[in-house]
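Dumped final.cif below, it's mmCIF, C-alpha atoms:
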data_start
#
loop_
_atom_site.label_atom_id
_atom_site.label_comp_id
_atom_site.auth_asym_id
_atom_site.auth_seq_id
_atom_site.Cartn_x
_atom_site.Cartn_y
_atom_site.Cartn_z
CA MET D 133 32.11 -32.83 -38.08
CA ALA D 134 31.87 -34.85 -34.91
CA VAL D 135 33.54 -38.23 -35.23
CA VAL D 136 30.95 -40.88 -35.91
CA THR D 137 31.32 -44.61 -35.49
CA ALA D 138 28.94 -47.26 -36.69
CA TYR D 139 28.49 -50.98 -36.71
CA SER D 140 26.26 -53.54 -38.28
CA THR D 141 25.71 -57.22 -37.72
CA ALA D 142 23.50 -57.59 -40.76
CA THR D 143 24.46 -60.73 -42.64
CA SER D 144 24.29 -59.36 -46.18
CA ILE D 145 26.88 -56.90 -47.46
CA ASP D 146 24.23 -54.62 -48.93
CA ALA D 147 22.36 -54.39 -45.65
CA ALA D 148 25.51 -54.00 -43.51
CA VAL D 149 27.01 -51.28 -45.71
CA ALA D 150 23.68 -49.46 -45.97
CA GLU D 151 23.27 -49.54 -42.19
CA VAL D 152 26.78 -48.23 -41.60
CA ALA D 153 26.51 -45.60 -44.35
CA THR D 154 23.26 -44.30 -42.87
CA GLN D 155 24.86 -43.92 -39.44
CA LEU D 156 27.94 -42.20 -40.91
CA SER D 157 26.16 -40.00 -43.40
CA SER D 158 26.06 -36.73 -41.45
CA GLU D 159 28.85 -34.97 -43.34
CA LYS D 160 31.47 -35.70 -45.96
CA PRO D 161 34.38 -37.60 -44.37
CA LYS D 162 38.03 -37.31 -45.34
CA LEU D 163 38.83 -40.81 -44.11
CA VAL D 164 36.66 -43.85 -43.47
CA VAL D 165 38.33 -46.68 -41.53
CA TYR D 166 36.47 -49.97 -41.40
CA PHE D 167 37.07 -53.46 -40.11
CA ALA D 168 34.99 -56.50 -40.94
CA SER D 169 34.65 -60.14 -40.20
CA SER D 170 35.76 -62.45 -43.00
CA VAL D 171 32.17 -63.76 -43.15
CA TYR D 172 31.53 -60.90 -45.57
CA PRO D 173 33.07 -61.79 -48.95
CA PRO D 174 36.01 -59.33 -48.91
CA PRO D 175 36.07 -58.16 -52.57
CA GLU D 176 32.34 -57.37 -52.58
CA LEU D 177 32.57 -55.59 -49.23
CA ALA D 178 35.54 -53.47 -50.33
CA SER D 179 33.74 -52.44 -53.48
CA ALA D 180 30.50 -51.61 -51.64
CA MET D 181 32.26 -49.54 -48.97
CA ASP D 182 34.23 -47.62 -51.56
CA LYS D 183 31.04 -46.75 -53.45
CA ALA D 184 29.24 -45.78 -50.25
CA PHE D 185 31.97 -43.30 -49.30
CA ALA D 186 33.13 -42.02 -52.67
CA GLY D 187 35.52 -39.10 -52.32
CA ALA D 188 37.00 -40.24 -49.01
CA ALA D 189 40.07 -42.37 -48.41
CA VAL D 190 38.43 -45.69 -47.51
CA LEU D 191 40.58 -48.38 -45.94
CA GLY D 192 40.46 -51.27 -43.51
CA CYS D 193 40.87 -55.01 -43.26
CA THR D 194 39.38 -58.33 -42.28
CA THR D 195 39.50 -59.24 -38.60
CA ALA D 196 39.36 -61.83 -35.86
CA GLY D 197 36.66 -59.81 -34.07
CA GLU D 198 35.61 -56.18 -34.22
CA ILE D 199 35.50 -53.31 -31.73
CA ALA D 200 33.08 -50.38 -31.80
CA SER D 201 32.49 -47.80 -29.07
CA GLY D 202 31.70 -49.91 -25.99
CA ARG D 203 31.32 -53.21 -27.81
CA MET D 204 33.43 -56.24 -28.68
CA LEU D 205 31.72 -57.81 -31.68
CA LYS D 206 31.93 -60.82 -33.97
CA ASN D 207 30.71 -61.34 -37.53
CA SER D 208 30.17 -57.61 -37.90
CA LEU D 209 31.23 -54.55 -39.86
CA VAL D 210 32.49 -51.55 -37.87
CA ALA D 211 33.47 -48.17 -39.29
CA MET D 212 34.55 -44.69 -38.34
CA ALA D 213 34.30 -41.51 -40.40
CA LEU D 214 36.82 -38.74 -39.80
CA GLY D 215 36.33 -35.27 -41.21
CA ALA D 216 38.77 -32.57 -42.25
CA ASP D 217 38.63 -31.14 -38.73
CA ILE D 218 40.70 -34.18 -37.64
CA VAL D 219 42.34 -35.44 -40.82
CA GLU D 220 43.59 -32.35 -42.63
CA ASP D 221 44.95 -34.46 -45.47
CA ILE D 222 45.80 -38.09 -46.13
CA ALA D 223 47.88 -40.08 -48.60
CA VAL D 224 47.61 -43.83 -49.09
CA GLU D 225 50.08 -46.28 -50.65
CA VAL D 226 49.97 -50.03 -51.19
CA ILE D 227 53.06 -52.21 -50.91
CA LYS D 228 52.39 -55.27 -53.03
CA ASN D 229 54.12 -58.67 -52.74
CA VAL D 230 55.24 -57.81 -49.20
CA ARG D 231 56.84 -61.21 -48.78
CA ASP D 232 59.46 -60.13 -51.34
CA GLY D 233 60.50 -57.27 -49.07
CA HIS D 234 60.65 -54.53 -51.70
CA GLY D 235 58.82 -51.25 -52.10
CA THR D 236 58.61 -49.86 -48.58
CA GLU D 237 61.07 -47.01 -49.08
CA GLU D 238 59.37 -46.05 -52.34
CA ALA D 239 55.95 -46.14 -50.66
CA VAL D 240 57.06 -43.85 -47.82
CA GLN D 241 58.70 -41.50 -50.32
CA ALA D 242 55.45 -41.32 -52.29
CA LEU D 243 53.48 -40.60 -49.11
CA ALA D 244 55.86 -37.79 -48.18
CA ALA D 245 55.84 -36.44 -51.74
CA HIS D 246 52.06 -36.00 -51.48
CA PHE D 247 52.84 -33.40 -48.81
CA ASN D 248 55.77 -31.97 -50.80
CA GLN D 249 58.26 -33.28 -48.29
CA LYS D 250 60.95 -35.91 -47.96
CA PRO D 251 60.30 -38.74 -45.47
CA LEU D 252 62.87 -37.51 -42.93
CA GLU D 253 61.50 -33.96 -43.09
CA LEU D 254 58.05 -35.00 -41.89
CA ASP D 255 57.37 -33.70 -38.39
CA PRO D 256 56.24 -36.65 -36.20
CA THR D 257 54.10 -34.30 -34.11
CA GLU D 258 52.09 -33.24 -37.16
CA TYR D 259 51.97 -36.44 -39.16
CA VAL D 260 51.04 -39.96 -38.13
CA GLY D 261 50.88 -43.18 -40.09
CA LEU D 262 48.48 -46.09 -40.17
CA VAL D 263 49.70 -49.49 -41.35
CA LEU D 264 47.60 -52.54 -42.12
CA PHE D 265 49.15 -55.88 -43.08
CA ASP D 266 48.00 -59.12 -44.59
CA GLY D 267 48.09 -60.96 -41.27
CA LEU D 268 49.45 -64.16 -42.79
CA SER D 269 52.23 -62.52 -44.79
CA GLY D 270 54.95 -62.84 -42.14
CA ALA D 271 56.35 -59.57 -43.50
CA GLU D 272 55.52 -57.23 -40.63
CA GLU D 273 58.99 -57.12 -39.05
CA MET D 274 60.69 -56.31 -42.34
CA ILE D 275 58.23 -53.59 -43.37
CA ASN D 276 58.08 -51.93 -39.93
CA ASP D 277 61.86 -51.95 -39.77
CA LYS D 278 62.17 -50.31 -43.17
CA ILE D 279 59.53 -47.69 -42.37
CA GLY D 280 61.54 -46.72 -39.28
CA ASP D 281 64.72 -46.53 -41.32
CA VAL D 282 63.36 -43.89 -43.66
CA THR D 283 61.10 -41.70 -41.51
CA ASN D 284 60.68 -40.53 -37.92
CA VAL D 285 56.89 -40.49 -38.27
CA PHE D 286 55.25 -43.16 -36.14
CA PHE D 287 53.16 -45.75 -37.91
CA VAL D 288 50.64 -47.63 -35.80
CA GLY D 289 48.45 -50.47 -36.91
CA GLY D 290 47.81 -54.14 -37.05
CA SER D 291 47.70 -57.33 -39.05
CA ALA D 292 44.44 -58.44 -40.62
CA GLY D 293 42.68 -61.53 -39.29
CA ASP D 294 40.25 -64.07 -40.70
CA ASP D 295 38.20 -65.12 -37.67
CA LEU D 296 40.88 -67.62 -36.58
CA ASN D 297 40.67 -69.67 -39.78
CA PHE D 298 44.31 -68.82 -40.62
CA SER D 299 43.49 -69.30 -44.27
CA LYS D 300 43.48 -65.88 -45.99
CA THR D 301 43.36 -62.30 -44.73
CA HIS D 302 42.58 -59.15 -46.71
CA VAL D 303 43.44 -55.49 -46.51
CA PHE D 304 40.84 -53.11 -47.99
CA VAL D 305 42.01 -50.15 -50.04
CA GLN D 306 40.68 -48.21 -53.01
CA GLY D 307 37.70 -50.53 -53.33
CA GLN D 308 39.83 -53.66 -53.45
CA ALA D 309 40.44 -56.49 -51.00
CA LEU D 310 44.10 -57.45 -51.26
CA SER D 311 46.34 -60.16 -49.81
CA ASN D 312 50.15 -60.25 -49.63
CA VAL D 313 50.13 -56.46 -49.17
CA ALA D 314 50.71 -53.76 -46.62
CA VAL D 315 48.73 -50.54 -46.83
CA LEU D 316 50.32 -47.38 -45.49
CA ALA D 317 48.35 -44.20 -44.85
CA LEU D 318 50.04 -40.96 -43.88
CA ILE D 319 47.77 -38.53 -42.09
CA LYS D 320 48.40 -34.84 -41.59
CA ALA D 321 46.45 -34.33 -38.41
CA ALA D 322 44.45 -31.19 -37.72
CA VAL D 323 44.46 -32.00 -34.00
CA PRO D 324 46.98 -33.35 -31.50
CA PHE D 325 47.26 -37.12 -31.39
CA ASN D 326 48.77 -39.78 -29.23
CA ILE D 327 49.80 -43.37 -29.78
CA ILE D 328 48.89 -45.74 -26.97
CA LYS D 329 50.69 -49.03 -26.48
CA THR D 330 49.54 -51.21 -23.62
CA GLN D 331 50.36 -54.83 -22.96
CA SER D 332 49.49 -55.56 -19.30
CA PHE D 333 52.57 -57.57 -18.36
CA ILE D 334 55.18 -57.10 -15.69
CA PRO D 335 58.81 -58.25 -16.01
CA THR D 336 59.73 -61.20 -13.78
CA GLY D 337 63.47 -60.48 -13.70
CA LYS D 338 64.23 -63.80 -15.46
CA LYS D 339 66.31 -62.95 -18.53
CA PHE D 340 67.66 -65.07 -21.36
CA LYS D 341 70.01 -64.38 -24.23
CA VAL D 342 68.98 -65.78 -27.60
CA THR D 343 72.04 -67.74 -28.69
CA GLU D 344 70.55 -69.44 -31.76
CA ALA D 345 67.52 -68.36 -33.79
CA LEU D 346 65.90 -68.99 -37.14
CA GLU D 347 64.77 -65.43 -37.66
CA SER D 348 62.79 -65.91 -40.86
CA GLN D 349 60.89 -68.78 -39.21
CA ARG D 350 60.25 -66.73 -36.02
CA THR D 351 61.90 -69.54 -34.07
CA ILE D 352 64.28 -69.58 -31.11
CA VAL D 353 66.49 -72.65 -31.15
CA LYS D 354 68.63 -71.92 -28.09
CA MET D 355 68.64 -69.50 -25.17
CA ASP D 356 71.72 -69.20 -22.98
CA GLY D 357 73.23 -72.04 -25.04
CA GLU D 358 70.51 -74.55 -24.14
CA PRO D 359 67.41 -75.73 -26.05
CA ALA D 360 64.85 -72.92 -25.84
CA ALA D 361 61.95 -75.10 -24.69
CA GLU D 362 64.00 -76.48 -21.76
CA VAL D 363 65.06 -72.99 -20.63
CA TYR D 364 61.50 -71.70 -20.82
CA ALA D 365 60.13 -74.78 -18.99
CA ARG D 366 62.57 -74.27 -16.15
CA ALA D 367 61.69 -70.58 -15.90
CA VAL D 368 57.94 -71.22 -15.59
CA GLY D 369 58.36 -74.32 -13.40
CA ARG D 370 56.73 -76.77 -15.82
CA LYS D 371 57.76 -79.80 -17.91
CA VAL D 372 58.63 -79.14 -21.57
CA GLU D 373 55.48 -80.96 -22.72
CA GLU D 374 53.36 -78.65 -20.55
CA ILE D 375 54.75 -75.25 -21.46
CA GLY D 376 52.17 -74.51 -24.16
CA GLU D 377 49.69 -73.98 -21.32
CA GLU D 378 51.81 -71.11 -19.99
CA PHE D 379 52.50 -69.24 -23.24
CA MET D 380 49.65 -66.77 -22.92
CA ARG D 381 50.42 -65.96 -19.29
CA TYR D 382 54.19 -65.84 -19.64
CA PRO D 383 55.34 -64.41 -22.99
CA LEU D 384 58.81 -62.94 -23.47
CA GLY D 385 59.55 -59.23 -23.59
CA LEU D 386 62.23 -57.39 -25.49
CA MET D 387 62.92 -54.46 -23.15
CA ALA D 388 63.64 -51.01 -24.58
CA GLY D 389 63.91 -48.12 -22.14
CA GLY D 390 61.99 -50.14 -19.54
CA GLU D 391 59.17 -50.71 -22.04
CA PRO D 392 58.43 -54.28 -23.19
CA PHE D 393 57.93 -55.21 -26.82
CA ILE D 394 56.17 -58.53 -26.42
CA ARG D 395 57.20 -61.69 -28.28
CA SER D 396 54.53 -64.36 -27.80
CA PRO D 397 55.40 -68.05 -28.03
CA GLN D 398 53.13 -69.90 -30.43
CA ARG D 399 54.15 -73.57 -30.21
CA VAL D 400 56.93 -75.97 -29.32
CA GLN D 401 58.67 -77.62 -32.25
CA GLU D 402 60.89 -80.42 -30.95
CA ASP D 403 62.95 -78.45 -28.41
CA LYS D 404 62.62 -75.13 -30.22
CA ILE D 405 59.95 -72.47 -29.65
CA VAL D 406 58.11 -70.85 -32.55
CA PHE D 407 56.92 -67.29 -31.89
CA TYR D 408 54.32 -64.96 -33.38
CA CYS D 409 57.07 -62.52 -34.30
CA ALA D 410 60.74 -62.69 -35.11
CA VAL D 411 63.56 -62.79 -32.61
CA LYS D 412 67.18 -62.13 -33.48
CA GLU D 413 70.29 -63.86 -32.16
CA GLY D 414 71.94 -61.83 -29.42
CA MET D 415 68.68 -60.35 -28.14
CA VAL D 416 68.11 -60.47 -24.40
CA LEU D 417 64.53 -61.39 -23.58
CA GLU D 418 62.78 -61.25 -20.24
CA LEU D 419 60.02 -63.53 -19.02
CA MET D 420 56.87 -61.45 -18.54
CA GLU D 421 53.87 -62.21 -16.35
CA ALA D 422 50.31 -61.32 -17.29
CA GLN D 423 48.34 -58.81 -15.26
CA ASP D 424 44.67 -57.83 -15.41
CA MET D 425 44.40 -56.04 -18.74
CA ILE D 426 41.18 -54.15 -17.92
CA PRO D 427 42.62 -51.64 -15.42
CA ASP D 428 45.85 -51.36 -17.41
CA THR D 429 44.05 -50.56 -20.66
CA GLU D 430 41.64 -48.22 -18.91
CA ALA D 431 44.53 -46.32 -17.29
CA ALA D 432 46.41 -46.02 -20.59
CA ILE D 433 43.38 -44.55 -22.37
CA LYS D 434 42.56 -42.20 -19.50
CA ALA D 435 46.14 -40.89 -19.49
CA ALA D 436 45.92 -40.19 -23.23
CA ASP D 437 42.50 -38.61 -22.76
CA GLN D 438 43.92 -36.20 -20.18
CA GLU D 439 46.99 -35.42 -22.24
CA LEU D 440 44.92 -34.70 -25.34
CA GLY D 441 42.24 -32.71 -23.54
CA GLY D 442 39.67 -35.30 -24.52
CA ILE D 443 39.81 -38.09 -27.09
CA GLN D 444 37.74 -37.33 -30.19
CA ALA D 445 38.51 -40.58 -32.00
CA LEU D 446 40.21 -43.83 -31.11
CA ILE D 447 41.40 -46.51 -33.54
CA VAL D 448 42.25 -49.73 -31.71
CA PHE D 449 44.41 -52.68 -32.75
CA ASN D 450 43.93 -55.33 -30.08
CA CYS D 451 45.83 -58.61 -30.25
CA ILE D 452 43.65 -61.68 -30.82
CA LEU D 453 45.53 -63.38 -27.95
CA ARG D 454 44.27 -60.63 -25.62
CA THR D 455 40.75 -61.11 -26.98
CA LEU D 456 40.99 -64.87 -26.38
CA GLN D 457 42.31 -64.27 -22.87
CA LEU D 458 39.39 -61.93 -22.17
CA GLU D 459 36.98 -64.59 -23.44
CA ASN D 460 38.62 -67.25 -21.25
CA GLU D 461 38.31 -64.98 -18.23
CA GLY D 462 34.74 -63.92 -19.04
CA LYS D 463 35.82 -60.27 -19.28
CA THR D 464 35.01 -59.44 -22.90
CA GLU D 465 32.05 -57.23 -22.05
CA PHE D 466 34.00 -55.33 -19.39
CA PHE D 467 36.82 -54.72 -21.85
CA GLY D 468 34.40 -53.43 -24.47
CA LYS D 469 32.94 -51.01 -21.97
CA ILE D 470 36.34 -49.32 -21.54
CA PHE D 471 35.69 -47.74 -24.94
CA ALA D 472 32.12 -46.68 -24.22
CA GLY D 473 33.06 -43.07 -23.55
CA TYR D 474 35.10 -42.62 -26.72
CA PRO D 475 34.23 -42.79 -30.41
CA THR D 476 36.09 -46.03 -31.16
CA VAL D 477 36.66 -48.42 -34.00
CA GLY D 478 39.04 -51.35 -33.96
CA PHE D 479 39.62 -55.03 -34.39
CA SER D 480 41.27 -58.14 -32.98
CA THR D 481 44.51 -58.52 -34.89
CA TYR D 482 47.02 -61.17 -35.88
CA GLY D 483 49.80 -58.82 -34.68
CA GLU D 484 50.24 -55.19 -33.75
CA SER D 485 52.55 -52.56 -35.17
CA TYR D 486 54.28 -49.71 -33.39
CA ILE D 487 58.00 -49.14 -34.00
CA GLY D 488 58.14 -52.86 -34.73
CA HIS D 489 55.92 -55.92 -34.94
CA ILE D 490 54.63 -56.93 -31.52
CA ASN D 491 52.27 -59.42 -29.88
CA GLN D 492 49.77 -59.54 -26.99
CA THR D 493 49.53 -55.77 -27.09
CA ALA D 494 46.91 -53.16 -27.87
CA THR D 495 48.16 -50.31 -30.02
CA MET D 496 45.84 -47.36 -30.50
CA LEU D 497 45.78 -44.06 -32.32
CA ALA D 498 43.95 -41.38 -30.35
CA PHE D 499 43.00 -38.01 -31.82
CA GLY D 500 42.48 -35.16 -29.38
CA SER D 501 40.92 -31.73 -29.41
CA ARG D 502 41.64 -28.88 -31.77
CA ARG D 503 45.20 -27.50 -31.74
CA MET F 134 89.94 -50.54 -26.40
CA ALA F 135 86.59 -49.79 -24.80
CA GLY F 136 83.58 -47.52 -25.09
CA LYS F 137 83.27 -47.35 -28.88
CA ILE F 138 79.90 -49.11 -28.95
CA LEU F 139 78.29 -46.63 -26.53
CA GLU F 140 79.77 -43.79 -28.54
CA MET F 141 78.34 -45.18 -31.78
CA ILE F 142 74.90 -45.69 -30.20
CA ASN F 143 74.87 -42.14 -28.87
CA THR F 144 75.98 -40.73 -32.22
CA ILE F 145 73.27 -42.61 -34.13
CA VAL F 146 70.56 -41.51 -31.68
CA GLU F 147 71.75 -37.90 -31.58
CA LYS F 148 72.16 -37.48 -35.34
CA ARG F 149 68.93 -39.18 -36.30
CA SER F 150 66.75 -37.58 -33.60
CA GLY F 151 67.91 -34.04 -34.30
CA GLY F 152 67.52 -33.26 -30.61
CA SER F 153 63.91 -34.46 -30.27
CA PRO F 154 63.62 -36.55 -27.07
CA MET F 155 60.53 -38.31 -28.47
CA VAL F 156 62.36 -39.38 -31.62
CA ALA F 157 65.48 -40.26 -29.59
CA ARG F 158 63.43 -42.69 -27.48
CA SER F 159 62.02 -44.31 -30.60
CA ILE F 160 65.46 -44.62 -32.21
CA ARG F 161 66.77 -46.37 -29.08
CA ALA F 162 63.78 -48.73 -29.25
CA ARG F 163 64.47 -49.33 -32.95
CA LEU F 164 68.08 -50.21 -32.14
CA VAL F 165 66.87 -52.76 -29.57
CA ILE F 166 64.49 -54.28 -32.12
CA LYS F 167 67.37 -54.42 -34.61
CA GLY F 168 69.29 -56.49 -32.06
CA ILE F 169 71.41 -53.93 -30.17
CA ASP F 170 70.82 -54.01 -26.41
CA VAL F 171 71.45 -50.28 -26.01
CA ASP F 172 71.27 -50.26 -22.21
CA ALA F 173 73.93 -52.97 -21.89
CA TYR F 174 76.83 -50.81 -23.09
CA THR F 175 78.87 -48.39 -21.02
CA GLU F 176 82.07 -46.38 -21.46
CA THR F 177 84.02 -49.43 -20.30
CA SER F 178 82.33 -52.00 -22.55
CA GLU F 179 84.74 -53.93 -24.73
CA ASP F 180 84.85 -52.94 -28.42
CA ASP F 181 83.25 -56.10 -29.79
CA PRO F 182 83.96 -56.02 -33.58
CA GLU F 183 80.77 -57.96 -34.34
CA VAL F 184 78.58 -55.38 -32.57
CA ILE F 185 80.53 -52.50 -34.11
CA ALA F 186 79.98 -53.96 -37.60
CA LYS F 187 76.27 -54.37 -36.83
CA LEU F 188 76.05 -50.74 -35.69
CA GLN F 189 77.84 -49.55 -38.82
CA GLN F 190 75.25 -51.37 -40.92
CA ILE F 191 72.39 -49.92 -38.84
CA ALA F 192 73.83 -46.40 -39.16
CA LYS F 193 73.81 -46.89 -42.92
CA GLU F 194 70.20 -48.12 -42.86
CA LEU F 195 69.16 -45.10 -40.81
CA GLY F 196 70.99 -42.73 -43.13
CA VAL F 197 73.32 -41.51 -40.39
#

Produce structure tokens that represent the structure in this file.
Amino acid sequence: MAVVTAYSTATSIDAAVAEVATQLSSEKPKLVVYFASSVYPPPELASAMDKAFAGAAVLGCTTAGEIASGRMLKNSLVAMALGADIVEDIAVEVIKNVRDGHGTEEAVQALAAHFNQKPLELDPTEYVGLVLFDGLSGAEEMINDKIGDVTNVFFVGGSAGDDLNFSKTHVFVQGQALSNVAVLALIKAAVPFNIIKTQSFIPTGKKFKVTEALESQRTIVKMDGEPAAEVYARAVGRKVEEIGEEFMRYPLGLMAGGEPFIRSPQRVQEDKIVFYCAVKEGMVLELMEAQDMIPDTEAAIKAADQELGGIQALIVFNCILRTLQLENEGKTEFFGKIFAGYPTVGFSTYGESYIGHINQTATMLAFGSRR
Amino acid sequence: MAGKILEMINTIVEKRSGGSPMVARSIRARLVIKGIDVDAYTETSEDDPEVIAKLQQIAKELGV
């Protein structure tokens, strides 16, 4: 089956699900991925979507904005149906009580067992993982780290949103809307795939060593032995009380092989800086400077498109901070149009996952043509 | 003594990646995220016991 994407801005769950189901009804899907604004009561939506696509693995989450082919949406439901010609087989596991930090290894083992393999035996060119988090759990670093400990398969995904209310986020799985969970899906792909990570920042050359951090609170106390806020203020040429204005433009990057893993400052707390993801003592971070994300994102997708011989399906996890930046710059529509040529579904996240938990990044899973 | 940290990093990456350059790159990135600045160590880097202990723990976590 050709990959189909659908969206609805209908205000009632019945109408929205019916509209999406009609658009996706061509053939029986193996996997239905959907993302929805928290304006739809999550438990009712999860139940309705599961009934509408009985027989498929049906999973998704609440958002801070939705993405469908060519469109950046709000207060909507977006969905994509993938058939057996792309998803040969899929296994899904739920890690409950993620804040406790247990169950990841067991979940990955169960996923691998579905394919009669052990986690380390899974070939990362044949299998790929999706991961969706309760976006307010604060557990993303721990779970991503553990996943990487036990398997070489790449898991890509994001943290659920709730339309910037920061009250409660939900992950949808098996007809339920769950909080304090992570949902892992392991896909055996029938086609080549590629993971795209694009963040549209350049390194400035200004580096700092984290000399004191409160890791569980995602807080840097000191860099280079001095209060973090003072060091950052000096680097961006502003007073400490003004640095919040520069956070979006100048986040910090943890560099690995020349590739930044972005750590975005959230707020100043006395002379400490609280981030959207954890930073460890001893890490060397580099001040990054924002670039125009439209050409960067476009180039990243085009490169994947060429490598894959054409993208058949694209699942996008775009940081809410990028979405807000696009709104501030009046570029939302232009950004949405980047996806016009590709069957796309996605959402604005409270954090992105790829190898670890990252910020101000778009992570994407692209499926290509037949092997 | 010097160079043990680089040796440990290379061993972890080599053993865990099984020769796959794609997996090797991701293991190096994972080490960075776990707090080891892999590019900072050379054959002449001092054998810092704190970093060595951290790498021993990471090797255990990665099953190496």

Find the residues near Pro427 in chain D: any atom within 12 Å, counting only C-alpha atoms, skip ones fewer than 2 places away on the same chain, and give them as a PyMOL selection string. chain D and resi 330-333+423-425+429-434+463+466-467+469-470

Preceding selection exported with C-alpha atoms as a PDB file, in the coordinates of the input:
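File produced: part.pdb:
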ATOM      1  CA  THR D 330      49.540 -51.210 -23.620  1.00  0.00           C
ATOM      2  CA  GLN D 331      50.360 -54.830 -22.960  1.00  0.00           C
ATOM      3  CA  SER D 332      49.490 -55.560 -19.300  1.00  0.00           C
ATOM      4  CA  PHE D 333      52.570 -57.570 -18.360  1.00  0.00           C
ATOM      5  CA  GLN D 423      48.340 -58.810 -15.260  1.00  0.00           C
ATOM      6  CA  ASP D 424      44.670 -57.830 -15.410  1.00  0.00           C
ATOM      7  CA  MET D 425      44.400 -56.040 -18.740  1.00  0.00           C
ATOM      8  CA  THR D 429      44.050 -50.560 -20.660  1.00  0.00           C
ATOM      9  CA  GLU D 430      41.640 -48.220 -18.910  1.00  0.00           C
ATOM     10  CA  ALA D 431      44.530 -46.320 -17.290  1.00  0.00           C
ATOM     11  CA  ALA D 432      46.410 -46.020 -20.590  1.00  0.00           C
ATOM     12  CA  ILE D 433      43.380 -44.550 -22.370  1.00  0.00           C
ATOM     13  CA  LYS D 434      42.560 -42.200 -19.500  1.00  0.00           C
ATOM     14  CA  LYS D 463      35.820 -60.270 -19.280  1.00  0.00           C
ATOM     15  CA  PHE D 466      34.000 -55.330 -19.390  1.00  0.00           C
ATOM     16  CA  PHE D 467      36.820 -54.720 -21.850  1.00  0.00           C
ATOM     17  CA  LYS D 469      32.940 -51.010 -21.970  1.00  0.00           C
ATOM     18  CA  ILE D 470      36.340 -49.320 -21.540  1.00  0.00           C
TER      19      ILE D 470
END

Taking (34.1, -37.4, -32.4) as a centre in this file's frame and 7 Å as the limit, can you find every polymer residue with an atom that close, using only C-alpha atoms, and give them as an NGL selection string? :D and (134-136 or 444-445 or 475)

Pick the closest to chain D from F:Ile160, F:Leu195, F:Met141, F:Val146: which is it, counting all atoms listed in the file?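 Smallest distance to chain D is found for F:Leu195.
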
What is the distance, in Å and to one decimal place, between CA of Val313 in chain D and CA of Val219 in chain D?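 Spanning CA of Val313 in chain D to CA of Val219 in chain D is a straight-line distance of 23.9 Å.
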
Mind listing as a list in words which residues of chain D are within 8 Å of chain F, counting only C-alpha atoms?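 Only these qualify: Asp277, Gly280, Asp281, Val282, Asn284, Leu386, Met387, Ala388, Gly389, Lys412, Glu413, Gly414, Met415, Val416, Ile487 and Gly488 of chain D.
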
Restricting it to C-alpha atoms, dump the selection as a PDB file, in the coordinates of the input.
ATOM      1  CA  ASP D 277      61.860 -51.950 -39.770  1.00  0.00           C
ATOM      2  CA  GLY D 280      61.540 -46.720 -39.280  1.00  0.00           C
ATOM      3  CA  ASP D 281      64.720 -46.530 -41.320  1.00  0.00           C
ATOM      4  CA  VAL D 282      63.360 -43.890 -43.660  1.00  0.00           C
ATOM      5  CA  ASN D 284      60.680 -40.530 -37.920  1.00  0.00           C
ATOM      6  CA  LEU D 386      62.230 -57.390 -25.490  1.00  0.00           C
ATOM      7  CA  MET D 387      62.920 -54.460 -23.150  1.00  0.00           C
ATOM      8  CA  ALA D 388      63.640 -51.010 -24.580  1.00  0.00           C
ATOM      9  CA  GLY D 389      63.910 -48.120 -22.140  1.00  0.00           C
ATOM     10  CA  LYS D 412      67.180 -62.130 -33.480  1.00  0.00           C
ATOM     11  CA  GLU D 413      70.290 -63.860 -32.160  1.00  0.00           C
ATOM     12  CA  GLY D 414      71.940 -61.830 -29.420  1.00  0.00           C
ATOM     13  CA  MET D 415      68.680 -60.350 -28.140  1.00  0.00           C
ATOM     14  CA  VAL D 416      68.110 -60.470 -24.400  1.00  0.00           C
ATOM     15  CA  ILE D 487      58.000 -49.140 -34.000  1.00  0.00           C
ATOM     16  CA  GLY D 488      58.140 -52.860 -34.730  1.00  0.00           C
TER      17      GLY D 488
END

Neighbouring residues of Ile185 in chain F were defined as those with any atom within 10 Å, considering only C-alpha atoms; residues of the same chain fewer than 5 positions away were excluded. Please report them as a tab-separated table (two decimals) with C-alpha atoms, in the coordinates of the input.
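The result, written out as part36.tsv:
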chain	number	residue	atom	x	y	z
F	137	LYS	CA	83.27	-47.35	-28.88
F	138	ILE	CA	79.90	-49.11	-28.95
F	139	LEU	CA	78.29	-46.63	-26.53
F	141	MET	CA	78.34	-45.18	-31.78
F	142	ILE	CA	74.90	-45.69	-30.20
F	180	ASP	CA	84.85	-52.94	-28.42
F	190	GLN	CA	75.25	-51.37	-40.92
F	191	ILE	CA	72.39	-49.92	-38.84

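These residues, each with an atom at most 7 Å from (84.1, -50.6, -26.0) using only C-alpha atoms, are Met134, Ala135, Gly136, Lys137, Ile138, Glu176, Thr177, Ser178, Glu179, Asp180 and Asp181 of chain F.
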
What separation in Å, quoted to one decimal, exists between CA of Glu347 in chain D and CA of His489 in chain D?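 Result for CA of Glu347 in chain D versus CA of His489 in chain D: 13.3 Å, one decimal.
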
Rounded to one decimal place, report the CA of Ile334 in chain D-CA of Ile447 in chain D distance in Å. 24.9 Å

Can you tell me which residues surround Val406 in chain D at a distance of at most 9 Å, considering only C-alpha atoms, apart from same-chain residues fewer than 4 positions away, and format the answer as a list in words?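 Near Val406 in chain D, the qualifying residues are Gln349, Arg350, Thr351, Ile352, Val353, Ser396, Pro397, Gln398, Arg399, Val400, Gln401 and Ala410 of chain D.
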
Please evaluate the PyMOL selection byres ((chain D and resi 289-300) around 8) against the structure above and give the resulting residues as number ranges by chain. D: 169-170, 193-197, 262-268, 272, 287-288, 301-303, 311, 449, 480-486, 495-496
